[in-house]
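Notes follow once the structure below has been shown.
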Amino acid sequence: MNARRTLALASSLATLLMSSQCFAQMANAPETPTTARMMALGGNAQAAAQSTSGVFSNPAAMSLGRVYHVDSTVLYDPTVSRWGFGGTVVDSTRTVSAALSYNYSLLNESDTRSNHDVRLGLSVLLTEGVALGVTGRYLNYEGTANTNTRLGSEYAGLTVDVGAVVRPVSFLTLAVTGYSLTNPDTARTPISVGGGIAINPIEALNIIVDNVWDLRSFGEPRMRLNGGVEVMISHVPVRAGYLYDDTRLGGPVHTLTAGAGYVDTSFGIEAALRQDLAGGSQTTMMLNVRYFYRSM
């Protein structure tokens with residue numbers, strides 16, 4: 001009898017632990033802000049995140065280009081009835097590069113909830129090809145609350161991302177990033193680390209590979225791995241990418257991404273599409289309208 005009770009108790013504890021870990025997983029694609037360029041390249045571009053992408057991917061990369069850019073974004077995901085709106089301004093023409101962003105999203109899949117994300121990113125070029133950066137983030141997410149050891153999606157508070165980039169030669173950039181380093185109590189943005197490579201063999205071609213390891217949502221680290229190619233044809237950027245996501249509820253998800261746009265010296269418009277192919281069914285569309293005040 002004691003053996004049976006012990007076995008039943010162990011089984012109950014194992015079930016509770018598994019439920020707790022599953023609760024910390026997100027069934028849908030990440031709801032954190034991004035840009036059309038990042039989405040089209042597979043979801044991240046740590047080593048190539050110049051301009052406004054830096055405050056979402058790797059703040060250190062902002063210092064690798066001299067720009068003053070203003071972005072506005074619209075995102076729509078019909079699968080989960082999600083709308084997202086945001087704006088970002090970045091100035092990397094000075095000794096210390098800075099970016100400020102605000103993003104708002106509204107999700108109506110089963111119950112209406114809204115998210116607010118405010119970011120201030122700073123970076124500095126230590127020497128030619130070496131930069132460090134930090135992003136402070138205020139998050140206000142509606143959703144499910146934490147229950148005992150179960151991690152929910154509701155959160156209001158601050159966290160920090162830190163990044164570094166190194167460009168040893170003109171055609172190769174390496175990056176490393178730590179996300180949500182204060183380890184916030186939310187499944188939306190768990191503490192994570194990542195690295196990226198960007199290869200630029202010719203001026204009109206970028207090839208990127210990235211990964212991010214979720215360190216908290218599971219019993220062991222789980223990974224998102226993405227890669228992408230960007231080709232500039234005159235004023236038209238054409239992008240395609242792939243994402244393998246093992247951090248979502250139900251198992252790995254394989255996703256195809258693509259994007260295109262038009263960019264001149266003072267104005268740009270870029271669009272991106274993210275489509276789950278296996279393991280998921282989400283479709284996400286994004287539009288960026290960009291204004292280039294000054295480029296050096």
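Letters A, B, ... mark the chains of the structure tokens in the order given; residue numbers begin at 1 per chain; ligand numbers begin at 1, in order shown.
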Interface rows for range 61-177 of chain A against range 271-279 of chain A: nearest pair, Å to one decimal, 10 Å, only C-alpha atoms, as JSON lines:
{"residue": "A:Thr73", "atom": "CA", "partner": "A:Ala271", "partner_atom": "CA", "distance": 9.7}
{"residue": "A:Val74", "atom": "CA", "partner": "A:Ala271", "partner_atom": "CA", "distance": 9.6}
{"residue": "A:Leu75", "atom": "CA", "partner": "A:Ala272", "partner_atom": "CA", "distance": 9.4}
{"residue": "A:Tyr76", "atom": "CA", "partner": "A:Leu273", "partner_atom": "CA", "distance": 9.9}
{"residue": "A:Asp77", "atom": "CA", "partner": "A:Arg274", "partner_atom": "CA", "distance": 9.4}
Distance table requested - range 190-209 of chain A against range 165-178 of chain A, cut-off 7 Å, only C-alpha atoms: one row per qualifying residue with the closest atom pair and its distance in Å to one decimal, ordered by chain and rising residue number, as CSV.
residue,atom,partner,partner_atom,distance
A:Ser192,CA,A:Gly178,CA,5.9
A:Val193,CA,A:Gly178,CA,4.5
A:Gly194,CA,A:Thr177,CA,5.2
A:Gly195,CA,A:Val176,CA,4.3
A:Gly196,CA,A:Ala175,CA,5.0
A:Ile197,CA,A:Leu174,CA,4.8
A:Ala198,CA,A:Thr173,CA,5.1
A:Ile199,CA,A:Leu172,CA,4.8
A:Asn200,CA,A:Phe171,CA,4.6
A:Pro201,CA,A:Phe171,CA,5.5
Counting only C-alpha atoms, which of A:Ser101, A:Ser234, A:Thr186, A:Ser53 gets nearest to Gly261 in chain A?
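Looking only at the distances to Gly261 in chain A, the closest residue turns out to be A:Ser234.
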Thr265 in chain A surroundings by only C-alpha atoms, 12 Å radius, close-in-sequence under 2 positions cut, as a list in words:
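Listed by chain and then number, they are Val67, Tyr68, His69, Ser234, His235, Tyr262, Val263, Phe267, Gly268, Ile269, Arg290, Tyr291, Phe292, Tyr293, Arg294, Ser295 and Met296 of chain A.
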Which of range 133-279 of chain A fall in strand (DSSP E), as a ChimeraX atom specification
/A:133-141,155-169,172-179,192-202,205-214,222-233,236-245,253-263,267-278
C-alpha atoms of the current selection, written as a JSON list (two decimals), in the first residue's frame:
[["chain", "number", "residue", "atom", "x", "y", "z"],
["A", 133, "GLY", "CA", 24.91, 48.60, -25.95],
["A", 134, "VAL", "CA", 22.12, 48.42, -23.39],
["A", 135, "THR", "CA", 18.34, 48.70, -23.67],
["A", 136, "GLY", "CA", 16.10, 49.52, -20.73],
["A", 137, "ARG", "CA", 12.54, 48.26, -21.17],
["A", 138, "TYR", "CA", 9.27, 49.05, -19.39],
["A", 139, "LEU", "CA", 6.67, 46.35, -19.98],
["A", 140, "ASN", "CA", 2.99, 46.37, -19.15],
["A", 141, "TYR", "CA", 1.40, 43.11, -20.27],
["A", 155, "TYR", "CA", 3.60, 41.56, -16.01],
["A", 156, "ALA", "CA", 4.31, 45.22, -15.27],
["A", 157, "GLY", "CA", 7.87, 46.32, -14.61],
["A", 158, "LEU", "CA", 11.36, 46.96, -15.91],
["A", 159, "THR", "CA", 13.99, 44.76, -17.47],
["A", 160, "VAL", "CA", 17.26, 45.16, -19.37],
["A", 161, "ASP", "CA", 18.89, 43.81, -22.55],
["A", 162, "VAL", "CA", 22.68, 44.02, -23.08],
["A", 163, "GLY", "CA", 24.57, 43.42, -26.32],
["A", 164, "ALA", "CA", 28.00, 43.50, -27.93],
["A", 165, "VAL", "CA", 29.13, 43.40, -31.55],
["A", 166, "VAL", "CA", 32.55, 42.84, -33.09],
["A", 167, "ARG", "CA", 33.46, 43.39, -36.75],
["A", 168, "PRO", "CA", 36.91, 41.75, -37.18],
["A", 169, "VAL", "CA", 36.89, 42.26, -40.95],
["A", 172, "LEU", "CA", 31.91, 39.77, -41.06],
["A", 173, "THR", "CA", 30.09, 40.87, -37.90],
["A", 174, "LEU", "CA", 29.61, 38.81, -34.72],
["A", 175, "ALA", "CA", 27.12, 39.57, -31.97],
["A", 176, "VAL", "CA", 26.05, 38.34, -28.54],
["A", 177, "THR", "CA", 22.97, 39.51, -26.61],
["A", 178, "GLY", "CA", 21.41, 38.94, -23.22],
["A", 179, "TYR", "CA", 17.64, 39.52, -23.06],
["A", 192, "SER", "CA", 17.48, 34.51, -22.69],
["A", 193, "VAL", "CA", 20.87, 34.67, -24.38],
["A", 194, "GLY", "CA", 21.68, 34.67, -28.06],
["A", 195, "GLY", "CA", 24.34, 35.08, -30.69],
["A", 196, "GLY", "CA", 24.42, 36.06, -34.32],
["A", 197, "ILE", "CA", 26.59, 36.22, -37.42],
["A", 198, "ALA", "CA", 26.21, 38.58, -40.38],
["A", 199, "ILE", "CA", 28.19, 38.09, -43.60],
["A", 200, "ASN", "CA", 28.34, 40.90, -46.13],
["A", 201, "PRO", "CA", 30.45, 39.58, -49.05],
["A", 202, "ILE", "CA", 29.33, 42.40, -51.35],
["A", 205, "LEU", "CA", 24.09, 41.19, -50.03],
["A", 206, "ASN", "CA", 23.63, 40.28, -46.35],
["A", 207, "ILE", "CA", 23.50, 36.74, -44.97],
["A", 208, "ILE", "CA", 22.57, 36.27, -41.31],
["A", 209, "VAL", "CA", 22.31, 33.39, -38.85],
["A", 210, "ASP", "CA", 20.94, 33.84, -35.31],
["A", 211, "ASN", "CA", 19.96, 31.82, -32.30],
["A", 212, "VAL", "CA", 18.35, 32.66, -28.96],
["A", 213, "TRP", "CA", 18.19, 30.31, -25.96],
["A", 214, "ASP", "CA", 15.22, 30.57, -23.59],
["A", 222, "ARG", "CA", 15.20, 25.69, -25.53],
["A", 223, "MET", "CA", 16.26, 27.39, -28.75],
["A", 224, "ARG", "CA", 15.00, 29.57, -31.57],
["A", 225, "LEU", "CA", 17.25, 29.35, -34.63],
["A", 226, "ASN", "CA", 16.82, 31.53, -37.68],
["A", 227, "GLY", "CA", 18.65, 32.51, -40.84],
["A", 228, "GLY", "CA", 17.99, 34.89, -43.68],
["A", 229, "VAL", "CA", 19.25, 36.51, -46.86],
["A", 230, "GLU", "CA", 18.85, 40.16, -47.86],
["A", 231, "VAL", "CA", 19.54, 41.44, -51.37],
["A", 232, "MET", "CA", 19.37, 45.11, -52.36],
["A", 233, "ILE", "CA", 18.30, 45.53, -55.98],
["A", 236, "VAL", "CA", 14.37, 47.54, -53.52],
["A", 237, "PRO", "CA", 15.37, 45.27, -50.59],
["A", 238, "VAL", "CA", 14.30, 41.65, -51.04],
["A", 239, "ARG", "CA", 14.48, 39.37, -47.99],
["A", 240, "ALA", "CA", 13.72, 35.75, -47.12],
["A", 241, "GLY", "CA", 14.30, 33.69, -44.00],
["A", 242, "TYR", "CA", 13.52, 30.61, -41.97],
["A", 243, "LEU", "CA", 12.81, 30.10, -38.26],
["A", 244, "TYR", "CA", 12.97, 26.95, -36.16],
["A", 245, "ASP", "CA", 11.22, 27.66, -32.86],
["A", 253, "VAL", "CA", 7.46, 25.12, -35.14],
["A", 254, "HIS", "CA", 8.95, 25.68, -38.61],
["A", 255, "THR", "CA", 8.28, 29.10, -40.09],
["A", 256, "LEU", "CA", 9.00, 30.76, -43.44],
["A", 257, "THR", "CA", 9.50, 34.55, -43.64],
["A", 258, "ALA", "CA", 9.78, 37.00, -46.53],
["A", 259, "GLY", "CA", 9.73, 40.72, -47.20],
["A", 260, "ALA", "CA", 10.37, 43.50, -49.68],
["A", 261, "GLY", "CA", 10.15, 47.27, -49.91],
["A", 262, "TYR", "CA", 11.39, 50.48, -51.41],
["A", 263, "VAL", "CA", 14.14, 52.65, -49.91],
["A", 267, "PHE", "CA", 12.01, 57.63, -47.30],
["A", 268, "GLY", "CA", 11.37, 53.92, -47.06],
["A", 269, "ILE", "CA", 8.44, 51.52, -46.93],
["A", 270, "GLU", "CA", 8.99, 47.85, -46.06],
["A", 271, "ALA", "CA", 6.66, 44.89, -45.63],
["A", 272, "ALA", "CA", 7.16, 41.43, -44.13],
["A", 273, "LEU", "CA", 5.24, 38.16, -43.86],
["A", 274, "ARG", "CA", 5.74, 35.35, -41.35],
["A", 275, "GLN", "CA", 3.97, 32.03, -42.03],
["A", 276, "ASP", "CA", 4.11, 28.87, -39.92],
["A", 277, "LEU", "CA", 4.61, 25.81, -42.10],
["A", 278, "ALA", "CA", 4.74, 22.90, -39.63]]
Please compute the CA of Thr52 in chain A-CA of Val89 in chain A distance, one decimal, in Å.
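Separation of CA of Thr52 in chain A and CA of Val89 in chain A: 6.7 Å.
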Determine the nearest neighbour of Ala47 in chain A from the options A:Ala131, A:Ala98, A:Ile191, A:Val118, counting only C-alpha atoms.
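So, comparing all the options, the nearest one is A:Ala131.
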